[in-house]
file my_file_21.cif (mmCIF, C-alpha atoms)
data_coords
loop_
_atom_site.label_atom_id
_atom_site.label_comp_id
_atom_site.auth_asym_id
_atom_site.auth_seq_id
_atom_site.Cartn_x
_atom_site.Cartn_y
_atom_site.Cartn_z
CA MET P 35 -26.70 -10.10 19.74
CA LYS P 36 -24.22 -8.46 17.43
CA GLN P 37 -20.60 -9.38 17.96
CA LYS P 38 -18.31 -6.51 18.82
CA PHE P 39 -15.03 -6.10 17.04
CA HIS P 40 -11.99 -4.47 18.56
CA PHE P 41 -9.28 -3.01 16.35
CA LEU P 42 -5.89 -1.89 17.62
CA VAL P 43 -3.61 0.55 15.81
CA PHE P 44 0.11 0.96 16.59
CA VAL P 45 1.97 4.16 15.75
CA CYS P 46 5.56 4.64 14.60
CA VAL P 47 6.90 6.11 17.82
CA GLY P 48 8.94 5.00 20.82
CA PHE P 49 11.71 2.40 21.06
CA TRP P 50 12.43 -0.74 19.05
CA SER P 51 11.48 -3.50 21.45
CA TYR P 52 10.55 -6.53 19.36
CA THR P 53 12.61 -8.77 17.13
CA LEU P 54 11.37 -9.19 13.59
CA ALA P 55 9.01 -12.17 13.45
CA GLN P 56 9.19 -14.72 10.67
CA PRO P 57 8.60 -14.79 7.74
CA VAL P 58 9.61 -11.12 7.53
CA VAL P 59 13.23 -10.64 6.52
CA ALA P 60 15.33 -8.36 8.75
CA LEU P 61 16.36 -5.06 7.20
CA GLN P 62 20.03 -4.72 6.35
CA PRO P 63 21.91 -2.00 4.45
CA SER P 64 22.43 -3.43 0.97
CA GLY P 65 25.10 -3.08 -1.71
CA ASN P 66 27.69 -0.43 -2.46
CA ASP P 67 25.52 1.58 -4.82
CA SER P 68 26.38 5.25 -4.39
CA ALA P 69 22.71 6.30 -4.27
CA THR P 70 22.04 3.72 -1.55
CA THR P 71 25.06 4.87 0.46
CA LEU P 72 23.99 8.49 0.04
CA PHE P 73 20.50 7.63 1.23
CA TYR P 74 21.68 6.00 4.46
CA LYS P 75 24.22 8.75 5.09
CA SER P 76 21.51 11.34 4.51
CA ILE P 77 19.30 9.69 7.11
CA SER P 78 22.18 9.59 9.60
CA ALA P 79 23.21 13.19 8.94
CA ASN P 80 19.64 14.50 9.15
CA SER P 81 18.21 12.40 11.96
CA HIS P 82 16.56 15.51 13.40
CA LEU P 83 14.07 15.28 10.54
CA TYR P 84 12.63 12.15 12.13
CA ASN P 85 12.01 13.68 15.55
CA GLY P 86 13.81 10.75 17.20
CA THR P 87 11.04 8.27 16.36
CA GLU P 88 11.84 4.61 15.92
CA TYR P 89 9.74 1.83 14.51
CA ILE P 90 8.18 -0.56 17.04
CA MET P 91 8.05 -4.16 15.86
CA TYR P 92 4.86 -6.05 16.67
CA ASP P 93 4.67 -8.90 19.15
CA GLN P 94 5.65 -12.02 17.19
CA HIS P 95 2.81 -13.98 18.80
CA ILE P 96 0.26 -12.06 16.74
CA GLN P 97 -1.06 -14.21 13.91
CA GLY P 98 0.03 -13.08 10.47
CA ASP P 99 2.04 -9.96 9.72
CA PRO P 100 1.35 -6.26 9.05
CA TYR P 101 3.59 -5.89 5.98
CA PHE P 102 3.15 -5.73 2.22
CA LEU P 103 3.93 -9.20 0.86
CA ALA P 104 5.26 -10.18 4.29
CA GLN P 105 8.91 -9.23 3.84
CA ALA P 106 11.54 -6.58 3.37
CA THR P 107 13.08 -6.09 -0.05
CA ASN P 108 15.21 -3.67 -2.01
CA GLY P 109 13.28 -0.95 -3.76
CA ASN P 110 13.39 2.65 -4.91
CA VAL P 111 12.01 5.62 -3.03
CA TYR P 112 11.60 9.22 -4.17
CA TYR P 113 12.24 11.01 -0.91
CA ASP P 114 12.51 14.73 -0.22
CA GLY P 115 13.16 15.56 -3.88
CA THR P 116 15.69 12.79 -4.59
CA LEU P 117 15.30 9.29 -6.04
CA TYR P 118 17.18 6.69 -3.97
CA LYS P 119 17.69 3.24 -5.50
CA ASP P 120 18.25 -0.22 -4.03
CA VAL P 121 17.12 0.74 -0.53
CA GLN P 122 15.93 -2.12 1.65
CA MET P 123 12.63 -1.30 3.29
CA LEU P 124 9.31 -2.53 4.63
CA TYR P 125 5.87 -1.15 3.87
CA GLU P 126 3.76 -1.53 6.99
CA LEU P 127 0.07 -1.68 6.14
CA THR P 128 -1.54 -1.02 9.53
CA THR P 129 -0.07 2.46 9.86
CA GLY P 130 0.99 3.12 6.27
CA ASN P 131 4.63 3.67 7.24
CA VAL P 132 7.63 3.09 5.00
CA VAL P 133 10.35 1.69 7.27
CA VAL P 134 14.14 1.66 6.72
CA ARG P 135 17.14 0.93 8.93
CA GLN P 136 19.28 3.85 10.05
CA HIS P 137 22.77 3.26 8.64
CA ASP P 138 25.03 4.13 11.55
CA ASN P 139 23.22 2.47 14.46
CA GLY P 140 20.84 -0.09 12.93
CA VAL P 141 17.71 1.52 14.36
CA LEU P 142 14.51 1.04 12.34
CA ILE P 143 12.87 4.36 11.47
CA CYS P 144 9.78 5.52 9.60
CA LEU P 145 10.26 7.85 6.67
CA ILE P 146 8.24 11.04 6.92
CA LYS P 147 5.15 10.41 4.78
CA GLN P 148 4.95 13.99 3.52
CA LYS P 149 8.47 13.69 2.05
CA VAL P 150 7.76 10.43 0.14
CA LYS P 151 6.42 11.12 -3.36
CA TYR P 152 6.41 7.46 -4.43
CA PHE P 153 8.22 4.18 -3.86
CA ASN P 154 8.60 0.87 -5.71
CA LEU P 155 8.44 -2.57 -4.07
CA PHE P 156 7.99 -6.00 -5.68
CA ASN P 157 7.24 -4.36 -9.07
CA HIS P 158 4.45 -2.31 -7.47
CA THR P 159 4.45 1.49 -7.53
CA PHE P 160 2.92 3.22 -4.53
CA ILE P 161 1.96 6.85 -5.17
CA HIS P 162 1.55 9.38 -2.38
CA VAL P 163 -1.85 10.92 -3.03
CA GLU P 164 -2.73 14.18 -1.31
CA PRO P 165 -6.41 14.95 -1.94
CA ASP P 166 -7.67 18.48 -2.30
CA SER P 167 -10.11 19.96 0.17
CA GLY P 168 -13.14 18.97 -1.90
CA ASN P 169 -12.22 15.30 -2.20
CA THR P 170 -13.85 13.01 0.36
CA VAL P 171 -13.24 9.72 -1.48
CA ILE P 172 -9.56 9.26 -0.70
CA THR P 173 -7.27 10.14 2.20
CA ASP P 174 -3.70 11.40 2.35
CA ASP P 175 -1.91 8.09 1.91
CA PHE P 176 -0.05 5.69 -0.40
CA TYR P 177 -2.00 3.99 -3.20
CA ASP P 178 -0.76 1.07 -5.29
CA GLN P 179 -1.05 2.12 -8.94
CA VAL P 180 -1.81 -1.21 -10.61
CA TYR P 181 -2.91 0.21 -13.97
CA LYS P 182 -2.22 3.53 -15.69
CA GLY P 183 -3.94 4.43 -18.94
CA LYS P 184 -6.58 7.01 -19.81
CA THR P 185 -8.17 5.68 -16.66
CA GLU P 186 -6.13 4.53 -13.68
CA VAL P 187 -6.67 1.77 -11.13
CA TYR P 188 -5.43 2.05 -7.54
CA ILE P 189 -5.55 -0.14 -4.47
CA LYS P 190 -5.26 1.15 -0.93
CA ARG P 191 -3.57 -1.83 0.66
CA GLN P 192 -4.13 -1.99 4.39
CA LYS P 193 -4.29 -4.40 7.30
CA ILE P 194 -6.11 -4.08 10.59
CA LEU P 195 -4.95 -5.50 13.90
CA TYR P 196 -7.96 -7.36 15.20
CA GLU P 197 -8.45 -8.67 18.73
CA ASP P 198 -11.01 -11.41 19.31
CA PRO P 199 -13.25 -10.17 22.17
CA SER P 200 -13.72 -13.67 23.59
CA THR P 201 -10.21 -15.14 23.35
CA TYR P 202 -8.17 -11.91 23.13
CA ALA P 203 -6.17 -13.54 20.37
CA ARG P 204 -4.81 -10.98 17.93
CA SER P 205 -4.34 -11.24 14.18
CA PHE P 206 -3.78 -9.06 11.15
CA ILE P 207 -6.70 -8.86 8.71
CA GLN P 208 -6.36 -7.66 5.11
CA ASN P 209 -8.76 -4.81 4.36
CA ASP P 210 -7.93 -3.41 0.91
CA LYS P 211 -9.95 -0.69 -0.83
CA TYR P 212 -10.25 -0.19 -4.59
CA PHE P 213 -10.33 3.01 -6.63
CA ILE P 214 -10.61 4.13 -10.23
CA TYR P 215 -9.37 7.53 -11.34
CA LYS P 216 -11.41 8.64 -14.37
CA ASN P 217 -11.69 12.09 -15.93
CA ASN P 218 -9.72 13.60 -13.04
CA ILE P 219 -12.17 12.24 -10.48
CA TRP P 220 -11.58 9.53 -7.86
CA HIS P 221 -14.20 6.79 -7.52
CA GLN P 222 -14.20 4.10 -4.86
CA VAL P 223 -15.56 0.79 -6.16
CA SER P 224 -16.48 -2.37 -4.31
CA SER P 225 -18.19 -4.54 -6.93
CA GLN P 226 -18.24 -5.35 -10.61
CA GLY P 227 -21.50 -3.43 -10.86
CA ASP P 228 -19.81 -0.29 -9.52
CA ILE P 229 -17.18 -0.49 -12.26
CA LEU P 230 -19.68 -1.20 -15.03
CA SER P 231 -21.73 1.81 -13.89
CA LEU P 232 -18.59 3.93 -14.05
CA PHE P 233 -17.97 2.72 -17.62
CA LYS P 234 -21.67 2.82 -18.48
CA GLU P 235 -21.27 3.95 -22.11
CA HIS P 236 -19.59 0.60 -22.83
CA LYS P 237 -21.21 -1.47 -20.12
CA LYS P 238 -22.53 -4.21 -22.42
CA GLU P 239 -19.26 -4.60 -24.33
CA ILE P 240 -17.22 -4.88 -21.14
CA ALA P 241 -19.61 -7.40 -19.58
CA LYS P 242 -19.38 -9.51 -22.76
CA TYR P 243 -15.59 -9.24 -22.73
CA LEU P 244 -15.49 -10.55 -19.14
CA ARG P 245 -17.71 -13.52 -19.99
CA GLN P 246 -15.77 -14.44 -23.12
CA ASN P 247 -12.44 -14.33 -21.27
CA LYS P 248 -13.79 -15.98 -18.11
CA ILE P 249 -12.69 -13.08 -15.94
CA LYS P 250 -14.53 -13.18 -12.62
CA TYR P 251 -14.44 -10.16 -10.33
CA LYS P 252 -15.32 -12.16 -7.22
CA LYS P 253 -12.41 -14.54 -7.82
CA ASP P 254 -9.75 -11.90 -8.51
CA HIS P 255 -10.76 -8.28 -7.89
CA GLU P 256 -7.45 -6.81 -8.95
CA ARG P 257 -7.10 -8.61 -12.28
CA ALA P 258 -10.74 -7.95 -13.18
CA MET P 259 -10.43 -4.23 -12.47
CA ILE P 260 -7.26 -3.93 -14.53
CA LYS P 261 -8.75 -5.82 -17.49
CA MET P 262 -11.99 -3.82 -17.38
CA ALA P 263 -10.15 -0.48 -17.30
CA GLU P 264 -7.76 -1.58 -20.03
CA TYR P 265 -10.59 -2.75 -22.28
CA TYR P 266 -12.56 0.43 -21.62
CA ASP P 267 -9.53 2.52 -22.61
CA ASN P 268 -9.18 0.50 -25.82
CA LEU P 269 -12.83 1.16 -26.65
CA THR P 270 -12.51 4.90 -26.05
CA HIS P 271 -9.05 5.59 -27.51
#

call {"tool": "encode", "arguments": {"input": "my_file_21.cif", "output": "structure tokens"}}
result
Amino acid sequence: MKQKFHFLVFVCVGFWSYTLAQPVVALQPSGNDSATTLFYKSISANSHLYNGTEYIMYDQHIQGDPYFLAQATNGNVYYDGTLYKDVQMLYELTTGNVVVRQHDNGVLICLIKQKVKYFNLFNHTFIHVEPDSGNTVITDDFYDQVYKGKTEVYIKRQKILYEDPSTYARSFIQNDKYFIYKNNIWHQVSSQGDILSLFKEHKKEIAKYLRQNKIKYKKDHERAMIKMAEYYDNLTH
């Protein structure tokens, strides 16, 4: 008998009811940078833009965490036409929400996705991709741009809240998806073979390069994809 899996998704709406579980660091307004101050003041002055929504923290008894690299940190965000620097935020991977603390009352809020063009966290750049009507490969969401050359490599980082049907224990499960943007077309890839097929005109050279440098896709998907795309670009420059 096939085991059934139950996945739960929380939305960024309602009231802040949970304390921030470890090891996630609590969000605090940071520094005296004028851009940071302007950002928090802007949020306070334009709270109507957020429709009164607040971010709900997850029950701390759930195993794991739903965040990118498990903590808050200072980063940059291009929001509503302006670049704000040194803003402390969380990127929540189950809903895809960028979360900041409202300056005047400490409430955690979700930035409006449509107003976020990109943001930087932990030396990663997340691009807001809005697919056209004919694109069925990607969705309207944030994609981690891990390599940018003639070809580009992206990762859709996401976590799923899973509930065990027998014990009802809940945990967060990583469920990333990988993409290559080549010749203005998005391609989802899930194996080394997929990537070699995409770079078929130099398939043999790339496979040899991987062997010689002991790069194994199964061991490190991200590094292998970056090295394959980089080498392909060098071959086709």

call {"tool": "atom_distance", "arguments": {"input": "my_file_21.cif", "atom1": "CA of Asp267 (chain P)", "atom2": "CA of Phe153 (chain P)"}}
result
25.9 Å

call {"tool": "closest_residue", "arguments": {"input": "my_file_21.cif", "among": "P:Phe160, P:Tyr113, P:Tyr215, P:Tyr101", "to": "Lys182 (chain P)", "atoms": "all atoms listed in the file"}}
result
P:Tyr215

call {"tool": "atom_distance", "arguments": {"input": "my_file_21.cif", "atom1": "CA of His271 (chain P)", "atom2": "CA of Ser231 (chain P)"}}
result
19.0 Å

call {"tool": "atom_distance", "arguments": {"input": "my_file_21.cif", "atom1": "CA of Glu186 (chain P)", "atom2": "CA of Val134 (chain P)"}}
result
28.9 Å

call {"tool": "closest_residue", "arguments": {"input": "my_file_21.cif", "among": "P:Val133, P:Val141, P:Ala241, P:Ile219", "to": "Asn169 (chain P)", "atoms": "only C-alpha atoms"}}
result
P:Ile219

call {"tool": "closest_residue", "arguments": {"input": "my_file_21.cif", "among": "P:Gln222, P:His158, P:Leu124, P:Asp99", "to": "Ile143 (chain P)", "atoms": "all atoms listed in the file"}}
result
P:Leu124

call {"tool": "closest_residue", "arguments": {"input": "my_file_21.cif", "among": "P:Gln246, P:Gln97, P:Thr270, P:Thr185", "to": "Asn217 (chain P)", "atoms": "only C-alpha atoms"}}
result
P:Thr185

call {"tool": "residues_around", "arguments": {"input": "my_file_21.cif", "residues": "Tyr112 (chain P)", "least_positions_apart": "3", "cutoff": "10 Å", "atoms": "all atoms listed in the file", "output": "list in words"}}
result
Gly115, Thr116, Leu117, Tyr118, Lys119, Lys149, Val150, Lys151, Tyr152, Phe153, Asn154 and Ile161 of chain P

call {"tool": "resolve_selection", "arguments": {"input": "my_file_21.cif", "expression": "the PyMOL selection byres ((chain P and resi 178) around 10)", "output": "MDAnalysis selection string"}}
result
chainID P and resid 152:155 158:162 176:177 179:181 187:191 212:213

call {"tool": "write_last_selection", "arguments": {"input": "my_file_21.cif", "atoms": "C-alpha atoms", "output": "PDB file, in the frame of the given file"}}
result
ATOM      1  CA  TYR P 152       6.410   7.460  -4.430  1.00  0.00           C
ATOM      2  CA  PHE P 153       8.220   4.180  -3.860  1.00  0.00           C
ATOM      3  CA  ASN P 154       8.600   0.870  -5.710  1.00  0.00           C
ATOM      4  CA  LEU P 155       8.440  -2.570  -4.070  1.00  0.00           C
ATOM      5  CA  HIS P 158       4.450  -2.310  -7.470  1.00  0.00           C
ATOM      6  CA  THR P 159       4.450   1.490  -7.530  1.00  0.00           C
ATOM      7  CA  PHE P 160       2.920   3.220  -4.530  1.00  0.00           C
ATOM      8  CA  ILE P 161       1.960   6.850  -5.170  1.00  0.00           C
ATOM      9  CA  HIS P 162       1.550   9.380  -2.380  1.00  0.00           C
ATOM     10  CA  PHE P 176      -0.050   5.690  -0.400  1.00  0.00           C
ATOM     11  CA  TYR P 177      -2.000   3.990  -3.200  1.00  0.00           C
ATOM     12  CA  GLN P 179      -1.050   2.120  -8.940  1.00  0.00           C
ATOM     13  CA  VAL P 180      -1.810  -1.210 -10.610  1.00  0.00           C
ATOM     14  CA  TYR P 181      -2.910   0.210 -13.970  1.00  0.00           C
ATOM     15  CA  VAL P 187      -6.670   1.770 -11.130  1.00  0.00           C
ATOM     16  CA  TYR P 188      -5.430   2.050  -7.540  1.00  0.00           C
ATOM     17  CA  ILE P 189      -5.550  -0.140  -4.470  1.00  0.00           C
ATOM     18  CA  LYS P 190      -5.260   1.150  -0.930  1.00  0.00           C
ATOM     19  CA  ARG P 191      -3.570  -1.830   0.660  1.00  0.00           C
ATOM     20  CA  TYR P 212     -10.250  -0.190  -4.590  1.00  0.00           C
ATOM     21  CA  PHE P 213     -10.330   3.010  -6.630  1.00  0.00           C
TER      22      PHE P 213
END

call {"tool": "resolve_selection", "arguments": {"input": "my_file_21.cif", "expression": "the PyMOL selection byres ((chain P and resi 237) around 12)", "output": "list in words"}}
result
Gln226, Gly227, Asp228, Ile229, Leu230, Ser231, Leu232, Phe233, Lys234, Glu235, His236, Lys238, Glu239, Ile240, Ala241, Lys242, Tyr243, Leu244, Met262, Ala263, Tyr265, Tyr266 and Leu269 of chain P

call {"tool": "closest_residue", "arguments": {"input": "my_file_21.cif", "among": "P:Lys147, P:His255, P:Arg245, P:Arg135", "to": "Val223 (chain P)", "atoms": "all atoms listed in the file"}}
result
P:His255
